[in-house]
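Data from entry18.txt: compact mmCIF, N, CA and C atoms and all ligand atoms
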```txt
# COMPACT_ATOMS: atom_id res chain seq x y z
N MET A 1 15.62 -18.81 26.47
CA MET A 1 15.72 -19.02 25.02
C MET A 1 17.16 -18.86 24.58
N ASN A 2 17.78 -19.92 24.14
CA ASN A 2 19.18 -19.85 23.76
C ASN A 2 19.43 -20.03 22.28
N LYS A 3 18.38 -19.91 21.52
CA LYS A 3 18.55 -20.07 20.07
C LYS A 3 19.53 -19.05 19.53
N ARG A 4 20.46 -19.52 18.75
CA ARG A 4 21.46 -18.64 18.19
C ARG A 4 20.97 -18.01 16.89
N TRP A 5 21.00 -16.71 16.86
CA TRP A 5 20.57 -16.01 15.67
C TRP A 5 21.77 -15.49 14.91
N THR A 6 21.72 -15.59 13.62
CA THR A 6 22.75 -14.99 12.78
C THR A 6 22.06 -13.90 11.98
N ILE A 7 22.84 -13.06 11.38
CA ILE A 7 22.25 -11.97 10.61
C ILE A 7 21.40 -12.51 9.45
N GLU A 8 21.82 -13.64 8.90
CA GLU A 8 21.04 -14.25 7.80
C GLU A 8 19.68 -14.72 8.30
N LYS A 9 19.67 -15.36 9.47
CA LYS A 9 18.41 -15.85 10.02
C LYS A 9 17.49 -14.70 10.41
N ILE A 10 18.09 -13.65 10.93
CA ILE A 10 17.28 -12.49 11.32
C ILE A 10 16.66 -11.86 10.09
N LYS A 11 17.47 -11.73 9.06
CA LYS A 11 16.98 -11.13 7.81
C LYS A 11 15.81 -11.95 7.25
N GLU A 12 15.96 -13.26 7.30
CA GLU A 12 14.92 -14.15 6.83
C GLU A 12 13.66 -14.01 7.69
N PHE A 13 13.85 -13.96 9.00
CA PHE A 13 12.72 -13.79 9.92
C PHE A 13 11.99 -12.48 9.63
N VAL A 14 12.76 -11.42 9.45
CA VAL A 14 12.17 -10.10 9.20
C VAL A 14 11.36 -10.12 7.90
N GLU A 15 11.92 -10.73 6.87
CA GLU A 15 11.22 -10.76 5.58
C GLU A 15 9.96 -11.62 5.62
N LYS A 16 10.02 -12.71 6.38
CA LYS A 16 8.86 -13.60 6.45
C LYS A 16 7.77 -13.11 7.39
N ASN A 17 8.19 -12.40 8.45
CA ASN A 17 7.22 -12.05 9.49
C ASN A 17 6.83 -10.58 9.56
N SER A 18 7.31 -9.80 8.63
CA SER A 18 6.95 -8.38 8.67
C SER A 18 7.04 -7.80 7.26
N ASP A 19 6.61 -6.55 7.16
CA ASP A 19 6.72 -5.85 5.88
C ASP A 19 7.99 -5.02 5.83
N SER A 20 8.79 -5.13 6.88
CA SER A 20 10.00 -4.34 6.96
C SER A 20 11.19 -5.09 6.39
N THR A 21 12.27 -4.36 6.13
CA THR A 21 13.49 -4.95 5.61
C THR A 21 14.63 -4.69 6.59
N LEU A 22 15.52 -5.63 6.75
CA LEU A 22 16.66 -5.43 7.63
C LEU A 22 17.79 -4.77 6.86
N LEU A 23 18.31 -3.67 7.39
CA LEU A 23 19.40 -2.96 6.71
C LEU A 23 20.76 -3.26 7.35
N THR A 24 20.74 -3.62 8.61
CA THR A 24 21.98 -3.95 9.31
C THR A 24 22.59 -5.23 8.74
N THR A 25 23.90 -5.26 8.61
CA THR A 25 24.55 -6.43 8.01
C THR A 25 25.38 -7.24 8.99
N GLU A 26 25.45 -6.78 10.25
CA GLU A 26 26.18 -7.55 11.25
C GLU A 26 25.35 -7.64 12.52
N TYR A 27 25.35 -8.82 13.13
CA TYR A 27 24.58 -9.01 14.36
C TYR A 27 25.51 -9.37 15.50
N HIS A 28 25.39 -8.62 16.61
CA HIS A 28 26.29 -8.85 17.74
C HIS A 28 25.56 -9.30 19.00
N GLY A 29 24.24 -9.35 18.97
CA GLY A 29 23.53 -9.80 20.16
C GLY A 29 22.20 -9.09 20.36
N PHE A 30 21.43 -9.60 21.31
CA PHE A 30 20.08 -9.11 21.53
C PHE A 30 20.02 -7.64 21.95
N SER A 31 21.09 -7.13 22.53
CA SER A 31 21.04 -5.75 23.00
C SER A 31 21.41 -4.76 21.91
N GLN A 32 21.85 -5.28 20.78
CA GLN A 32 22.24 -4.40 19.67
C GLN A 32 21.01 -3.84 18.96
N LYS A 33 21.08 -2.55 18.65
CA LYS A 33 19.98 -1.98 17.87
C LYS A 33 20.22 -2.27 16.40
N LEU A 34 19.21 -2.80 15.75
CA LEU A 34 19.32 -3.11 14.33
C LEU A 34 18.57 -2.05 13.54
N LEU A 35 19.03 -1.80 12.33
CA LEU A 35 18.38 -0.80 11.49
C LEU A 35 17.44 -1.49 10.51
N PHE A 36 16.20 -1.06 10.53
CA PHE A 36 15.19 -1.64 9.65
C PHE A 36 14.65 -0.56 8.73
N LYS A 37 14.10 -1.00 7.61
CA LYS A 37 13.38 -0.08 6.75
C LYS A 37 11.93 -0.53 6.73
N CYS A 38 11.05 0.37 7.13
CA CYS A 38 9.62 0.06 7.19
C CYS A 38 9.03 0.03 5.78
N ALA A 39 7.88 -0.59 5.62
CA ALA A 39 7.22 -0.66 4.32
C ALA A 39 6.89 0.74 3.79
N CYS A 40 6.74 1.71 4.69
CA CYS A 40 6.41 3.07 4.27
C CYS A 40 7.65 3.83 3.80
N GLY A 41 8.84 3.23 3.98
CA GLY A 41 10.06 3.86 3.53
C GLY A 41 10.88 4.51 4.63
N THR A 42 10.33 4.54 5.83
CA THR A 42 11.03 5.14 6.96
C THR A 42 12.00 4.14 7.58
N ASN A 43 13.22 4.59 7.88
CA ASN A 43 14.16 3.73 8.58
C ASN A 43 13.92 3.85 10.08
N PHE A 44 14.05 2.76 10.80
CA PHE A 44 13.93 2.82 12.25
C PHE A 44 14.87 1.83 12.90
N GLU A 45 15.25 2.15 14.15
CA GLU A 45 16.17 1.30 14.89
C GLU A 45 15.43 0.60 16.01
N LYS A 46 15.75 -0.66 16.21
CA LYS A 46 15.11 -1.43 17.26
C LYS A 46 15.99 -2.64 17.56
N THR A 47 15.93 -3.11 18.79
CA THR A 47 16.66 -4.36 19.06
C THR A 47 15.83 -5.50 18.48
N PHE A 48 16.50 -6.60 18.15
CA PHE A 48 15.77 -7.73 17.58
C PHE A 48 14.81 -8.32 18.61
N LYS A 49 15.18 -8.24 19.87
CA LYS A 49 14.31 -8.72 20.95
C LYS A 49 12.96 -8.01 20.91
N LYS A 50 13.02 -6.68 20.81
CA LYS A 50 11.77 -5.91 20.75
C LYS A 50 11.00 -6.22 19.48
N PHE A 51 11.73 -6.30 18.40
CA PHE A 51 11.09 -6.58 17.11
C PHE A 51 10.34 -7.90 17.16
N LYS A 52 10.99 -8.91 17.69
CA LYS A 52 10.43 -10.25 17.69
C LYS A 52 9.46 -10.48 18.85
N GLU A 53 9.92 -10.23 20.07
CA GLU A 53 9.10 -10.58 21.24
C GLU A 53 8.02 -9.57 21.57
N ASN A 54 8.26 -8.31 21.25
CA ASN A 54 7.23 -7.29 21.54
C ASN A 54 6.42 -6.92 20.31
N ASN A 55 6.67 -7.65 19.22
CA ASN A 55 5.92 -7.42 17.99
C ASN A 55 6.03 -5.99 17.46
N GLN A 56 7.18 -5.35 17.69
CA GLN A 56 7.38 -4.00 17.18
C GLN A 56 8.04 -4.11 15.81
N ARG A 57 7.22 -4.34 14.82
CA ARG A 57 7.77 -4.69 13.51
C ARG A 57 7.59 -3.61 12.45
N LYS A 58 7.19 -2.43 12.90
CA LYS A 58 7.06 -1.30 11.98
C LYS A 58 7.67 -0.07 12.61
N CYS A 59 7.78 1.01 11.83
CA CYS A 59 8.33 2.24 12.39
C CYS A 59 7.32 2.87 13.35
N ASP A 60 7.78 3.88 14.09
CA ASP A 60 6.91 4.52 15.09
C ASP A 60 5.73 5.26 14.47
N VAL A 61 5.80 5.54 13.19
CA VAL A 61 4.70 6.23 12.51
C VAL A 61 3.57 5.23 12.20
N CYS A 62 3.93 4.08 11.65
CA CYS A 62 2.94 3.06 11.31
C CYS A 62 2.44 2.33 12.55
N GLN A 63 3.31 2.21 13.54
CA GLN A 63 2.95 1.48 14.76
C GLN A 63 3.45 2.30 15.95
N PRO A 64 2.68 3.32 16.34
CA PRO A 64 3.10 4.19 17.45
C PRO A 64 3.31 3.39 18.72
N PRO A 65 4.29 3.77 19.54
CA PRO A 65 4.51 3.07 20.81
C PRO A 65 3.22 3.12 21.64
N LYS A 66 2.94 2.02 22.33
CA LYS A 66 1.70 1.93 23.08
C LYS A 66 1.61 2.98 24.18
N ALA A 67 0.48 3.62 24.29
CA ALA A 67 0.26 4.54 25.38
C ALA A 67 0.13 3.73 26.66
N SER A 68 0.45 4.34 27.79
CA SER A 68 0.48 3.56 29.03
C SER A 68 -0.89 3.40 29.67
N ARG A 69 -1.94 3.95 29.08
CA ARG A 69 -3.25 3.73 29.69
C ARG A 69 -4.31 3.28 28.69
ZN ZN B 101 6.28 2.93 8.64
```
For the structure just supplied, provide its representation as structure tokens.
Ligand SMILES: [Zn+2]
Amino acid sequence: MNKRWTIEKIKEFVEKNSDSTLLTTEYHGFSQKLLFKCACGTNFEKTFKKFKENNQRKCDVCQPPKASR
């Protein structure tokens, strides 16, 4: 997947596909952790890859990390 993402496109994606808001204003790549604000008001950090591809679109309180069993 070589689609080029800009901070504007990411912000738009976040607003359209989740209840969270993007707080980060600069995007440097898939490995960068971005700061989001969850609908519950909690801020959380996640890479855009995880947010988009792993569907981790809320904070750890609203969407706890999956248990391994
Ligand atoms: Zn939350």
Please return as JSON, numbers by chain the residues found within 8 Å of ligand ZN 101 (chain B), counting only C-alpha atoms and all ligand atoms. {"A": [37, 38, 39, 40, 41, 42, 43, 58, 59, 60, 61, 62, 63]}
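By all atoms listed in the file, and with residues fewer than 4 positions from range 26-33 of chain A along its chain excluded, the set lying at most 7 Å from it is Thr6, Ile7, Glu45, Lys46, Thr47, Phe48 and Lys49 of chain A.
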Between atom C of Lys66 in chain A and CA of Ile10 in chain A, what is the distance, to one decimal in Å?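 Atom C of Lys66 in chain A sits 25.5 Å away from CA of Ile10 in chain A.
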Using Å and a single decimal, report how far CA of Phe44 in chain A sits from CA of Leu22 in chain A.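 The value is 9.8 Å.
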Which residue, A:Lys50, A:Asp19, A:Pro65, A:Lys3, has the smallest gap to Leu34 in chain A when you use only C-alpha atoms?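 Closest residue, counting only C-alpha atoms: A:Lys50.
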Just give me the gap between CA of Asn54 in chain A and CA of Leu35 in chain A in Å, one decimal is fine.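 So the answer is 16.4 Å.
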Up to 8 Å from (7.3, -7.2, 9.1) in the file's coordinates: name the residues, counting all atoms listed in the file, as number ranges by chain. A: 13-21, 38-39, 56-58
